[in-house]
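**Student:** So here's final.pdb (PDB, C-alpha atoms).
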MODEL        1
ATOM      1  CA  MET A   2     252.438  98.088   7.633  1.00  0.00           C
ATOM      2  CA  GLY A   3     256.199  98.625   7.783  1.00  0.00           C
ATOM      3  CA  THR A   4     258.630  98.542   4.904  1.00  0.00           C
ATOM      4  CA  LEU A   5     257.382  97.231   1.576  1.00  0.00           C
ATOM      5  CA  TYR A   6     258.839  93.717   1.580  1.00  0.00           C
ATOM      6  CA  MET A   7     260.192  93.087   5.074  1.00  0.00           C
ATOM      7  CA  GLY A   8     257.401  94.622   7.136  1.00  0.00           C
ATOM      8  CA  ALA A   9     259.809  96.415   9.475  1.00  0.00           C
ATOM      9  CA  ASN A  10     259.045  99.695  11.232  1.00  0.00           C
ATOM     10  CA  GLU A  11     261.508 102.195  12.636  1.00  0.00           C
ATOM     11  CA  GLY A  12     261.834 101.440  16.338  1.00  0.00           C
ATOM     12  CA  GLN A  13     261.519  97.693  15.783  1.00  0.00           C
ATOM     13  CA  ILE A  14     264.984  97.439  14.223  1.00  0.00           C
ATOM     14  CA  ALA A  15     268.200  97.675  16.232  1.00  0.00           C
ATOM     15  CA  ASP A  16     271.270  99.722  15.303  1.00  0.00           C
ATOM     16  CA  TYR A  17     273.023  96.387  14.725  1.00  0.00           C
ATOM     17  CA  VAL A  18     271.651  94.035  12.065  1.00  0.00           C
ATOM     18  CA  ILE A  19     272.904  90.539  11.268  1.00  0.00           C
ATOM     19  CA  PHE A  20     271.940  89.300   7.814  1.00  0.00           C
ATOM     20  CA  SER A  21     271.723  85.630   6.907  1.00  0.00           C
ATOM     21  CA  GLY A  22     271.081  84.427   3.376  1.00  0.00           C
ATOM     22  CA  ASP A  23     269.061  81.486   4.681  1.00  0.00           C
ATOM     23  CA  PRO A  24     265.871  82.593   6.515  1.00  0.00           C
ATOM     24  CA  TRP A  25     265.975  79.448   8.662  1.00  0.00           C
ATOM     25  CA  ARG A  26     269.470  80.291   9.947  1.00  0.00           C
ATOM     26  CA  VAL A  27     267.817  83.317  11.559  1.00  0.00           C
ATOM     27  CA  GLU A  28     266.005  80.812  13.787  1.00  0.00           C
ATOM     28  CA  VAL A  29     269.416  79.606  15.007  1.00  0.00           C
ATOM     29  CA  VAL A  30     270.412  83.189  15.874  1.00  0.00           C
ATOM     30  CA  LYS A  31     267.088  83.613  17.649  1.00  0.00           C
ATOM     31  CA  LYS A  32     268.039  80.833  20.125  1.00  0.00           C
ATOM     32  CA  TYR A  33     270.903  82.991  21.389  1.00  0.00           C
ATOM     33  CA  LEU A  34     268.838  86.183  21.776  1.00  0.00           C
ATOM     34  CA  ASP A  35     267.102  87.208  24.976  1.00  0.00           C
ATOM     35  CA  ASN A  36     263.459  88.201  24.570  1.00  0.00           C
ATOM     36  CA  PRO A  37     263.383  87.861  20.772  1.00  0.00           C
ATOM     37  CA  GLU A  38     260.506  89.725  19.142  1.00  0.00           C
ATOM     38  CA  LYS A  39     259.267  88.401  15.818  1.00  0.00           C
ATOM     39  CA  ILE A  40     259.037  91.363  13.446  1.00  0.00           C
ATOM     40  CA  ALA A  41     257.835  89.537  10.320  1.00  0.00           C
ATOM     41  CA  PHE A  42     258.455  86.578   8.017  1.00  0.00           C
ATOM     42  CA  LEU A  43     257.524  87.783   4.554  1.00  0.00           C
ATOM     43  CA  ARG A  44     258.807  86.182   1.349  1.00  0.00           C
ATOM     44  CA  GLU A  45     262.458  85.282   2.070  1.00  0.00           C
ATOM     45  CA  PHE A  46     262.796  87.893   4.828  1.00  0.00           C
ATOM     46  CA  ASN A  47     262.632  86.463   8.364  1.00  0.00           C
ATOM     47  CA  THR A  48     263.268  89.082  11.047  1.00  0.00           C
ATOM     48  CA  TYR A  49     263.639  89.120  14.845  1.00  0.00           C
ATOM     49  CA  THR A  50     264.926  91.720  17.280  1.00  0.00           C
ATOM     50  CA  GLY A  51     266.261  90.794  20.718  1.00  0.00           C
ATOM     51  CA  THR A  52     269.270  91.312  22.954  1.00  0.00           C
ATOM     52  CA  TYR A  53     272.596  89.503  23.249  1.00  0.00           C
ATOM     53  CA  LYS A  54     274.489  90.176  26.480  1.00  0.00           C
ATOM     54  CA  GLY A  55     272.437  93.322  26.811  1.00  0.00           C
ATOM     55  CA  VAL A  56     273.079  94.615  23.274  1.00  0.00           C
ATOM     56  CA  ARG A  57     270.010  95.053  21.097  1.00  0.00           C
ATOM     57  CA  ILE A  58     270.461  93.210  17.791  1.00  0.00           C
ATOM     58  CA  THR A  59     268.210  92.461  14.831  1.00  0.00           C
ATOM     59  CA  ALA A  60     268.635  89.261  12.837  1.00  0.00           C
ATOM     60  CA  SER A  61     267.148  89.109   9.372  1.00  0.00           C
ATOM     61  CA  SER A  62     267.549  87.246   6.084  1.00  0.00           C
ATOM     62  CA  THR A  63     268.238  88.310   2.530  1.00  0.00           C
ATOM     63  CA  GLY A  64     267.486  85.195   0.524  1.00  0.00           C
ATOM     64  CA  MET A  65     269.931  84.162  -2.193  1.00  0.00           C
ATOM     65  CA  GLY A  66     271.563  86.696  -4.482  1.00  0.00           C
ATOM     66  CA  SER A  67     272.286  90.393  -4.664  1.00  0.00           C
ATOM     67  CA  PRO A  68     268.862  91.706  -5.788  1.00  0.00           C
ATOM     68  CA  THR A  69     267.141  90.623  -2.577  1.00  0.00           C
ATOM     69  CA  ALA A  70     270.214  91.459  -0.489  1.00  0.00           C
ATOM     70  CA  ALA A  71     269.939  95.032  -1.766  1.00  0.00           C
ATOM     71  CA  ILE A  72     266.257  95.123  -0.800  1.00  0.00           C
ATOM     72  CA  ALA A  73     267.172  93.943   2.704  1.00  0.00           C
ATOM     73  CA  MET A  74     269.882  96.597   3.031  1.00  0.00           C
ATOM     74  CA  GLU A  75     267.537  99.321   1.778  1.00  0.00           C
ATOM     75  CA  GLU A  76     264.671  98.419   4.095  1.00  0.00           C
ATOM     76  CA  MET A  77     266.775  97.868   7.204  1.00  0.00           C
ATOM     77  CA  TYR A  78     268.464 101.229   6.516  1.00  0.00           C
ATOM     78  CA  GLU A  79     265.032 102.816   6.195  1.00  0.00           C
ATOM     79  CA  ALA A  80     264.128 101.313   9.585  1.00  0.00           C
ATOM     80  CA  GLY A  81     267.264 102.652  11.311  1.00  0.00           C
ATOM     81  CA  MET A  82     270.145 100.174  10.815  1.00  0.00           C
ATOM     82  CA  LYS A  83     273.621 101.601  11.494  1.00  0.00           C
ATOM     83  CA  VAL A  84     275.833  98.475  11.430  1.00  0.00           C
ATOM     84  CA  ALA A  85     275.387  95.515   9.077  1.00  0.00           C
ATOM     85  CA  VAL A  86     277.051  92.111   9.331  1.00  0.00           C
ATOM     86  CA  ARG A  87     276.476  89.629   6.530  1.00  0.00           C
ATOM     87  CA  MET A  88     276.700  86.194   8.119  1.00  0.00           C
ATOM     88  CA  GLY A  89     276.716  83.614   5.360  1.00  0.00           C
ATOM     89  CA  THR A  90     278.251  80.576   3.755  1.00  0.00           C
ATOM     90  CA  VAL A  91     280.939  80.703   1.084  1.00  0.00           C
ATOM     91  CA  MET A  92     282.634  78.576  -1.555  1.00  0.00           C
ATOM     92  CA  ALA A  93     286.389  78.587  -0.915  1.00  0.00           C
ATOM     93  CA  LEU A  94     288.907  78.388  -3.756  1.00  0.00           C
ATOM     94  CA  GLN A  95     291.681  76.678  -1.825  1.00  0.00           C
ATOM     95  CA  ASP A  96     291.792  73.227  -0.261  1.00  0.00           C
ATOM     96  CA  GLY A  97     291.696  72.688   3.476  1.00  0.00           C
ATOM     97  CA  MET A  98     289.185  75.468   4.114  1.00  0.00           C
ATOM     98  CA  LEU A  99     286.047  73.488   5.010  1.00  0.00           C
ATOM     99  CA  GLY A 100     284.770  74.615   8.406  1.00  0.00           C
ATOM    100  CA  LYS A 101     286.987  77.700   8.412  1.00  0.00           C
ATOM    101  CA  PHE A 102     285.969  81.344   8.208  1.00  0.00           C
ATOM    102  CA  ILE A 103     286.542  83.738   5.345  1.00  0.00           C
ATOM    103  CA  ILE A 104     286.269  87.371   6.458  1.00  0.00           C
ATOM    104  CA  PRO A 105     286.967  89.430   3.334  1.00  0.00           C
ATOM    105  CA  ILE A 106     288.436  92.897   3.443  1.00  0.00           C
ATOM    106  CA  ALA A 107     286.917  93.608   0.020  1.00  0.00           C
ATOM    107  CA  ALA A 108     285.120  91.926  -2.870  1.00  0.00           C
ATOM    108  CA  MET A 109     285.117  91.896  -6.654  1.00  0.00           C
ATOM    109  CA  ARG A 110     281.802  93.234  -7.956  1.00  0.00           C
ATOM    110  CA  ARG A 111     280.814  90.653 -10.546  1.00  0.00           C
ATOM    111  CA  GLU A 112     277.165  90.871  -9.582  1.00  0.00           C
ATOM    112  CA  CYS A 113     275.090  93.458 -11.408  1.00  0.00           C
ATOM    113  CA  THR A 114     272.813  94.849  -8.684  1.00  0.00           C
ATOM    114  CA  SER A 115     275.411  97.200  -7.210  1.00  0.00           C
ATOM    115  CA  ASP A 116     275.957  98.592 -10.720  1.00  0.00           C
ATOM    116  CA  THR A 117     272.483 100.130 -10.469  1.00  0.00           C
ATOM    117  CA  TYR A 118     273.747 102.229  -7.540  1.00  0.00           C
ATOM    118  CA  VAL A 119     277.251 103.288  -8.522  1.00  0.00           C
ATOM    119  CA  GLU A 120     279.853 102.792 -11.255  1.00  0.00           C
ATOM    120  CA  LYS A 121     281.959  99.629 -11.243  1.00  0.00           C
ATOM    121  CA  ALA A 122     285.118 101.502 -10.227  1.00  0.00           C
ATOM    122  CA  TYR A 123     283.616 102.144  -6.774  1.00  0.00           C
ATOM    123  CA  PRO A 124     285.120  99.499  -4.463  1.00  0.00           C
ATOM    124  CA  ALA A 125     283.249  97.028  -2.270  1.00  0.00           C
ATOM    125  CA  VAL A 126     285.222  97.347   0.969  1.00  0.00           C
ATOM    126  CA  ALA A 127     284.481  96.163   4.506  1.00  0.00           C
ATOM    127  CA  ASP A 128     284.730  98.331   7.609  1.00  0.00           C
ATOM    128  CA  ILE A 129     288.213  97.510   8.921  1.00  0.00           C
ATOM    129  CA  GLU A 130     287.315  97.942  12.591  1.00  0.00           C
ATOM    130  CA  LEU A 131     284.525  95.404  12.261  1.00  0.00           C
ATOM    131  CA  VAL A 132     286.829  93.042  10.361  1.00  0.00           C
ATOM    132  CA  ASN A 133     289.459  93.232  13.109  1.00  0.00           C
ATOM    133  CA  ILE A 134     286.878  92.532  15.819  1.00  0.00           C
ATOM    134  CA  MET A 135     285.511  89.544  13.900  1.00  0.00           C
ATOM    135  CA  ASN A 136     289.038  88.185  13.360  1.00  0.00           C
ATOM    136  CA  GLU A 137     289.681  88.374  17.097  1.00  0.00           C
ATOM    137  CA  THR A 138     286.340  86.750  17.886  1.00  0.00           C
ATOM    138  CA  VAL A 139     286.915  83.813  15.531  1.00  0.00           C
ATOM    139  CA  THR A 140     290.300  83.155  17.122  1.00  0.00           C
ATOM    140  CA  ASP A 141     288.838  83.278  20.626  1.00  0.00           C
ATOM    141  CA  MET A 142     286.136  80.839  19.510  1.00  0.00           C
ATOM    142  CA  GLY A 143     288.909  78.375  18.692  1.00  0.00           C
ATOM    143  CA  ALA A 144     288.387  78.573  14.939  1.00  0.00           C
ATOM    144  CA  GLU A 145     290.529  79.705  12.000  1.00  0.00           C
ATOM    145  CA  TYR A 146     289.962  82.510   9.512  1.00  0.00           C
ATOM    146  CA  VAL A 147     291.371  83.904   6.295  1.00  0.00           C
ATOM    147  CA  ASN A 148     291.110  87.538   5.216  1.00  0.00           C
ATOM    148  CA  GLY A 149     291.440  88.464   1.573  1.00  0.00           C
ATOM    149  CA  ILE A 150     289.382  89.333  -1.460  1.00  0.00           C
ATOM    150  CA  SER A 151     286.129  87.557  -2.262  1.00  0.00           C
ATOM    151  CA  CYS A 152     284.213  87.574  -5.535  1.00  0.00           C
ATOM    152  CA  THR A 153     280.457  88.006  -5.775  1.00  0.00           C
ATOM    153  CA  MET A 154     278.662  86.673  -8.842  1.00  0.00           C
ATOM    154  CA  ASP A 155     275.068  86.302  -9.981  1.00  0.00           C
ATOM    155  CA  GLY A 156     274.977  82.932 -11.727  1.00  0.00           C
ATOM    156  CA  PHE A 157     275.250  79.932  -9.429  1.00  0.00           C
ATOM    157  CA  TYR A 158     274.741  77.312 -12.134  1.00  0.00           C
ATOM    158  CA  SER A 159     276.338  79.398 -14.858  1.00  0.00           C
ATOM    159  CA  GLN A 160     279.438  80.499 -12.922  1.00  0.00           C
ATOM    160  CA  MET A 161     279.861  78.518  -9.697  1.00  0.00           C
ATOM    161  CA  HIS A 162     278.624  74.926 -10.067  1.00  0.00           C
ATOM    162  CA  ASP A 163     278.057  72.511 -12.936  1.00  0.00           C
ATOM    163  CA  SER A 164     274.462  71.613 -13.719  1.00  0.00           C
ATOM    164  CA  ARG A 165     272.798  69.320 -16.229  1.00  0.00           C
ATOM    165  CA  PHE A 166     272.078  72.329 -18.435  1.00  0.00           C
ATOM    166  CA  SER A 167     275.594  73.791 -18.191  1.00  0.00           C
ATOM    167  CA  LEU A 168     277.090  70.422 -19.133  1.00  0.00           C
ATOM    168  CA  GLU A 169     274.648  69.954 -22.007  1.00  0.00           C
ATOM    169  CA  SER A 170     275.502  73.463 -23.188  1.00  0.00           C
ATOM    170  CA  GLY A 171     279.237  72.732 -23.162  1.00  0.00           C
ATOM    171  CA  ARG A 172     279.902  75.405 -20.545  1.00  0.00           C
ATOM    172  CA  ASN A 173     283.258  74.866 -18.814  1.00  0.00           C
ATOM    173  CA  LEU A 174     283.386  76.486 -15.389  1.00  0.00           C
ATOM    174  CA  SER A 175     287.001  75.527 -14.677  1.00  0.00           C
ATOM    175  CA  GLY A 176     288.206  78.685 -16.409  1.00  0.00           C
ATOM    176  CA  VAL A 177     286.254  80.837 -13.971  1.00  0.00           C
ATOM    177  CA  PHE A 178     287.913  79.231 -10.969  1.00  0.00           C
ATOM    178  CA  GLU A 179     291.397  79.249 -12.493  1.00  0.00           C
ATOM    179  CA  GLU A 180     291.134  82.964 -13.276  1.00  0.00           C
ATOM    180  CA  LEU A 181     289.958  83.806  -9.752  1.00  0.00           C
ATOM    181  CA  LYS A 182     292.714  81.745  -8.147  1.00  0.00           C
ATOM    182  CA  LYS A 183     295.317  83.585 -10.217  1.00  0.00           C
ATOM    183  CA  LEU A 184     293.856  86.791  -8.802  1.00  0.00           C
ATOM    184  CA  HIS A 185     294.245  85.342  -5.273  1.00  0.00           C
ATOM    185  CA  VAL A 186     290.509  85.417  -4.620  1.00  0.00           C
ATOM    186  CA  THR A 187     289.724  83.485  -1.436  1.00  0.00           C
ATOM    187  CA  GLY A 188     286.034  82.713  -1.888  1.00  0.00           C
ATOM    188  CA  VAL A 189     282.955  83.115  -4.062  1.00  0.00           C
ATOM    189  CA  ASP A 190     279.423  84.049  -3.025  1.00  0.00           C
ATOM    190  CA  MET A 191     276.320  85.825  -4.316  1.00  0.00           C
ATOM    191  CA  GLU A 192     275.743  88.774  -1.941  1.00  0.00           C
ATOM    192  CA  SER A 193     278.864  90.237  -0.300  1.00  0.00           C
ATOM    193  CA  SER A 194     280.060  92.840  -2.802  1.00  0.00           C
ATOM    194  CA  CYS A 195     276.579  94.292  -3.180  1.00  0.00           C
ATOM    195  CA  MET A 196     276.084  94.585   0.568  1.00  0.00           C
ATOM    196  CA  MET A 197     279.511  96.126   1.205  1.00  0.00           C
ATOM    197  CA  THR A 198     279.000  98.616  -1.625  1.00  0.00           C
ATOM    198  CA  LEU A 199     275.582  99.682  -0.347  1.00  0.00           C
ATOM    199  CA  GLY A 200     276.893  99.871   3.198  1.00  0.00           C
ATOM    200  CA  ARG A 201     279.588 102.340   2.113  1.00  0.00           C
ATOM    201  CA  LEU A 202     277.121 104.417   0.116  1.00  0.00           C
ATOM    202  CA  MET A 203     274.655 104.496   3.030  1.00  0.00           C
ATOM    203  CA  GLY A 204     277.267 105.259   5.682  1.00  0.00           C
ATOM    204  CA  VAL A 205     276.405 101.935   7.363  1.00  0.00           C
ATOM    205  CA  LYS A 206     279.423 100.151   8.845  1.00  0.00           C
ATOM    206  CA  THR A 207     279.422  96.793   7.074  1.00  0.00           C
ATOM    207  CA  CYS A 208     281.423  93.586   7.130  1.00  0.00           C
ATOM    208  CA  VAL A 209     281.080  90.005   5.951  1.00  0.00           C
ATOM    209  CA  VAL A 210     281.674  86.921   8.098  1.00  0.00           C
ATOM    210  CA  THR A 211     281.359  83.698   6.130  1.00  0.00           C
ATOM    211  CA  MET A 212     281.783  80.012   6.900  1.00  0.00           C
ATOM    212  CA  THR A 213     283.303  77.738   4.250  1.00  0.00           C
ATOM    213  CA  THR A 214     280.784  74.982   3.622  1.00  0.00           C
ATOM    214  CA  VAL A 215     281.854  74.016   0.078  1.00  0.00           C
ATOM    215  CA  LEU A 216     285.006  74.029  -2.012  1.00  0.00           C
ATOM    216  CA  GLU A 217     285.438  74.934  -5.680  1.00  0.00           C
ATOM    217  CA  ASN A 218     282.553  73.618  -7.830  1.00  0.00           C
ATOM    218  CA  LEU A 219     281.333  71.636  -4.774  1.00  0.00           C
ATOM    219  CA  LYS A 220     284.209  69.146  -4.984  1.00  0.00           C
ATOM    220  CA  GLU A 221     283.991  68.909  -1.179  1.00  0.00           C
ATOM    221  CA  VAL A 222     280.964  69.757   0.966  1.00  0.00           C
ATOM    222  CA  LEU A 223     280.279  69.983   4.690  1.00  0.00           C
ATOM    223  CA  LYS A 224     277.359  67.673   5.474  1.00  0.00           C
ATOM    224  CA  GLY A 225     275.242  66.448   8.347  1.00  0.00           C
ATOM    225  CA  GLN A 226     276.211  67.374  11.894  1.00  0.00           C
ATOM    226  CA  GLU A 227     279.435  69.047  10.721  1.00  0.00           C
ATOM    227  CA  ARG A 228     277.396  71.497   8.661  1.00  0.00           C
ATOM    228  CA  ILE A 229     274.953  72.114  11.513  1.00  0.00           C
ATOM    229  CA  ASP A 230     277.785  72.741  13.969  1.00  0.00           C
ATOM    230  CA  ALA A 231     279.627  75.041  11.538  1.00  0.00           C
ATOM    231  CA  GLU A 232     276.551  77.201  10.967  1.00  0.00           C
ATOM    232  CA  ASP A 233     275.867  77.338  14.703  1.00  0.00           C
ATOM    233  CA  LEU A 234     279.434  78.563  15.268  1.00  0.00           C
ATOM    234  CA  LEU A 235     278.906  81.145  12.530  1.00  0.00           C
ATOM    235  CA  CYS A 236     275.814  82.506  14.291  1.00  0.00           C
ATOM    236  CA  ARG A 237     277.501  82.641  17.700  1.00  0.00           C
ATOM    237  CA  THR A 238     280.564  84.341  16.243  1.00  0.00           C
ATOM    238  CA  ALA A 239     278.533  87.078  14.540  1.00  0.00           C
ATOM    239  CA  LEU A 240     276.629  87.815  17.745  1.00  0.00           C
ATOM    240  CA  GLU A 241     279.734  87.813  19.917  1.00  0.00           C
ATOM    241  CA  GLY A 242     281.576  90.005  17.422  1.00  0.00           C
ATOM    242  CA  ILE A 243     278.848  92.626  17.510  1.00  0.00           C
ATOM    243  CA  TYR A 244     278.814  92.534  21.311  1.00  0.00           C
ATOM    244  CA  ARG A 245     282.583  93.118  21.420  1.00  0.00           C
ATOM    245  CA  TYR A 246     282.333  95.913  18.850  1.00  0.00           C
ATOM    246  CA  HIS A 247     279.667  97.604  20.970  1.00  0.00           C
ATOM    247  CA  ARG A 248     281.600  97.048  24.199  1.00  0.00           C
ATOM    248  CA  LYS A 249     284.622  98.842  22.771  1.00  0.00           C
ATOM    249  CA  GLY A 250     282.497 101.942  22.399  1.00  0.00           C
ATOM    250  CA  ALA A 251     282.300 102.001  18.622  1.00  0.00           C
ATOM    251  CA  LYS A 252     280.843 105.185  17.179  1.00  0.00           C
ATOM    252  CA  LEU A 253     277.720 104.422  15.159  1.00  0.00           C
TER     253      LEU A 253
ENDMDL
END
What is this file in structure tokens?

**Tutor:**
Amino acid sequence: MGTLYMGANEGQIADYVIFSGDPWRVEVVKKYLDNPEKIAFLREFNTYTGTYKGVRITASSTGMGSPTAAIAMEEMYEAGMKVAVRMGTVMALQDGMLGKFIIPIAAMRRECTSDTYVEKAYPAVADIELVNIMNETVTDMGAEYVNGISCTMDGFYSQMHDSRFSLESGRNLSGVFEELKKLHVTGVDMESSCMMTLGRLMGVKTCVVTMTTVLENLKEVLKGQERIDAEDLLCRTALEGIYRYHRKGAKL
């Protein structure tokens, strides 16, 4: 039967797990794996295990938001995960970032799921060795990255992007973005702080590698082939980063 929601058994899951928010982005990762084995596609959780340059890696999805990201972390940990890389998209808060990477060293915990695990004062911090490897990999891929602090929030239409309802309700999101920019926050998403917090609590080495596909309140958006190419680069970078981390003899 496997784990409750993801259907994963111990032995099917590699030490290294790449998480994508979008289950269909896992299919892109699959193209770069040798001998990919389909573990399960249940609800929003799409999971394969294969090898990349001889390193066994699992690719799975979390769906959108911290509640399901926490479920994914829990069940992959139960099945044997030792290293977690969140590979996602992000909303950047500075211009000129479309198509560039944000690899945060830490995140503000403005989602509520991680609060059910530990008090708010506990920091959401990435594994610095993984961050350094991913920085190096992005550069070697010919791309650009920014490190910094990200912010994870729960409400997409209440905190991150205007909607018909938010406008009808008189909700002004500009204050959210102005506050975060004053705090020198680089990007906003819906999963990172929860996953980094759980990774620390579990003893799972965790980092976040995100591609900027939208700017503040969706004032600019990557579309069409540019978006496809950016997400493909994101997938290749995550895989190559894990391979390099493994090659350097990282202790799991």

**Student:** Can I get the residues of segment 146-251 of chain A within 12 Å of segment 41-61 of chain A, each with the closest pair of atoms and their distance in Å to one decimal, using only C-alpha atoms, sorted chain first then ascending number, as CSV?

**Tutor:**
residue,atom,partner,partner_atom,distance
A:Cys236,CA,A:Ala60,CA,10.0
A:Arg237,CA,A:Tyr53,CA,10.1
A:Thr238,CA,A:Tyr53,CA,11.8
A:Ala239,CA,A:Ala60,CA,10.3
A:Leu240,CA,A:Tyr53,CA,7.0
A:Glu241,CA,A:Tyr53,CA,8.1
A:Gly242,CA,A:Tyr53,CA,10.7
A:Ile243,CA,A:Val56,CA,8.4
A:Tyr244,CA,A:Val56,CA,6.4
A:Arg245,CA,A:Val56,CA,9.8
A:Tyr246,CA,A:Val56,CA,10.3
A:His247,CA,A:Val56,CA,7.6
A:Arg248,CA,A:Val56,CA,8.9
A:Gly250,CA,A:Val56,CA,12.0

**Student:** From the options A:Ala80, A:Ile129, A:Ala71, A:Val27, which residue's atoms come nearest to Asn10 of chain A, counting all atoms listed in the file?

**Tutor:**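 Going through A:Ala80, A:Ile129, A:Ala71, A:Val27 one by one, the smallest distance to Asn10 of chain A is for A:Ala80.
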
**Student:** Using the chain letters and residue numbers of this document, give as a PDB file with C-alpha atoms, in the coordinates of the input the residues selected by the PyMOL selection byres ((chain A and resi 189-201) around 6).

**Tutor:**
ATOM      1  CA  GLY A  66     271.563  86.696  -4.482  1.00  0.00           C
ATOM      2  CA  SER A  67     272.286  90.393  -4.664  1.00  0.00           C
ATOM      3  CA  VAL A  91     280.939  80.703   1.084  1.00  0.00           C
ATOM      4  CA  MET A  92     282.634  78.576  -1.555  1.00  0.00           C
ATOM      5  CA  ALA A 108     285.120  91.926  -2.870  1.00  0.00           C
ATOM      6  CA  ARG A 110     281.802  93.234  -7.956  1.00  0.00           C
ATOM      7  CA  SER A 115     275.411  97.200  -7.210  1.00  0.00           C
ATOM      8  CA  ALA A 125     283.249  97.028  -2.270  1.00  0.00           C
ATOM      9  CA  VAL A 126     285.222  97.347   0.969  1.00  0.00           C
ATOM     10  CA  ALA A 127     284.481  96.163   4.506  1.00  0.00           C
ATOM     11  CA  SER A 151     286.129  87.557  -2.262  1.00  0.00           C
ATOM     12  CA  CYS A 152     284.213  87.574  -5.535  1.00  0.00           C
ATOM     13  CA  THR A 153     280.457  88.006  -5.775  1.00  0.00           C
ATOM     14  CA  MET A 154     278.662  86.673  -8.842  1.00  0.00           C
ATOM     15  CA  ASP A 155     275.068  86.302  -9.981  1.00  0.00           C
ATOM     16  CA  GLY A 188     286.034  82.713  -1.888  1.00  0.00           C
ATOM     17  CA  LEU A 202     277.121 104.417   0.116  1.00  0.00           C
ATOM     18  CA  MET A 203     274.655 104.496   3.030  1.00  0.00           C
ATOM     19  CA  GLY A 204     277.267 105.259   5.682  1.00  0.00           C
ATOM     20  CA  VAL A 205     276.405 101.935   7.363  1.00  0.00           C
ATOM     21  CA  THR A 207     279.422  96.793   7.074  1.00  0.00           C
TER      22      THR A 207
END

**Student:** When the PyMOL selection byres ((chain A and resi 82-86) around 8) is applied to the structure above, which residues does it catch, written out as a list in words?

**Tutor:**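 Evaluating the PyMOL selection byres ((chain A and resi 82-86) around 8) on these coordinates yields Ile14, Ala15, Asp16, Tyr17, Val18, Ile19, Phe20, Met77, Tyr78, Glu79, Ala80, Gly81, Arg87, Met88, Gly200, Gly204, Val205, Lys206, Thr207, Cys208, Val209, Val210, Ala239 and Leu253 of chain A.
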
**Student:** Kindly indicate which residue among A:Ile72, A:Thr140, A:Ser159, A:Arg228 lies nearest to Gly8 of chain A, using only C-alpha atoms for the distances.

**Tutor:**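 With only C-alpha atoms as the atom set, the closest residue is A:Ile72.
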
**Student:** Quick one: which residues end up in the PyMOL selection byres ((chain A and resi 169-179) around 12) for this structure, as a PyMOL selection string?

**Tutor:** chain A and resi 92-95+111+152+154+156-168+180-189+216-220
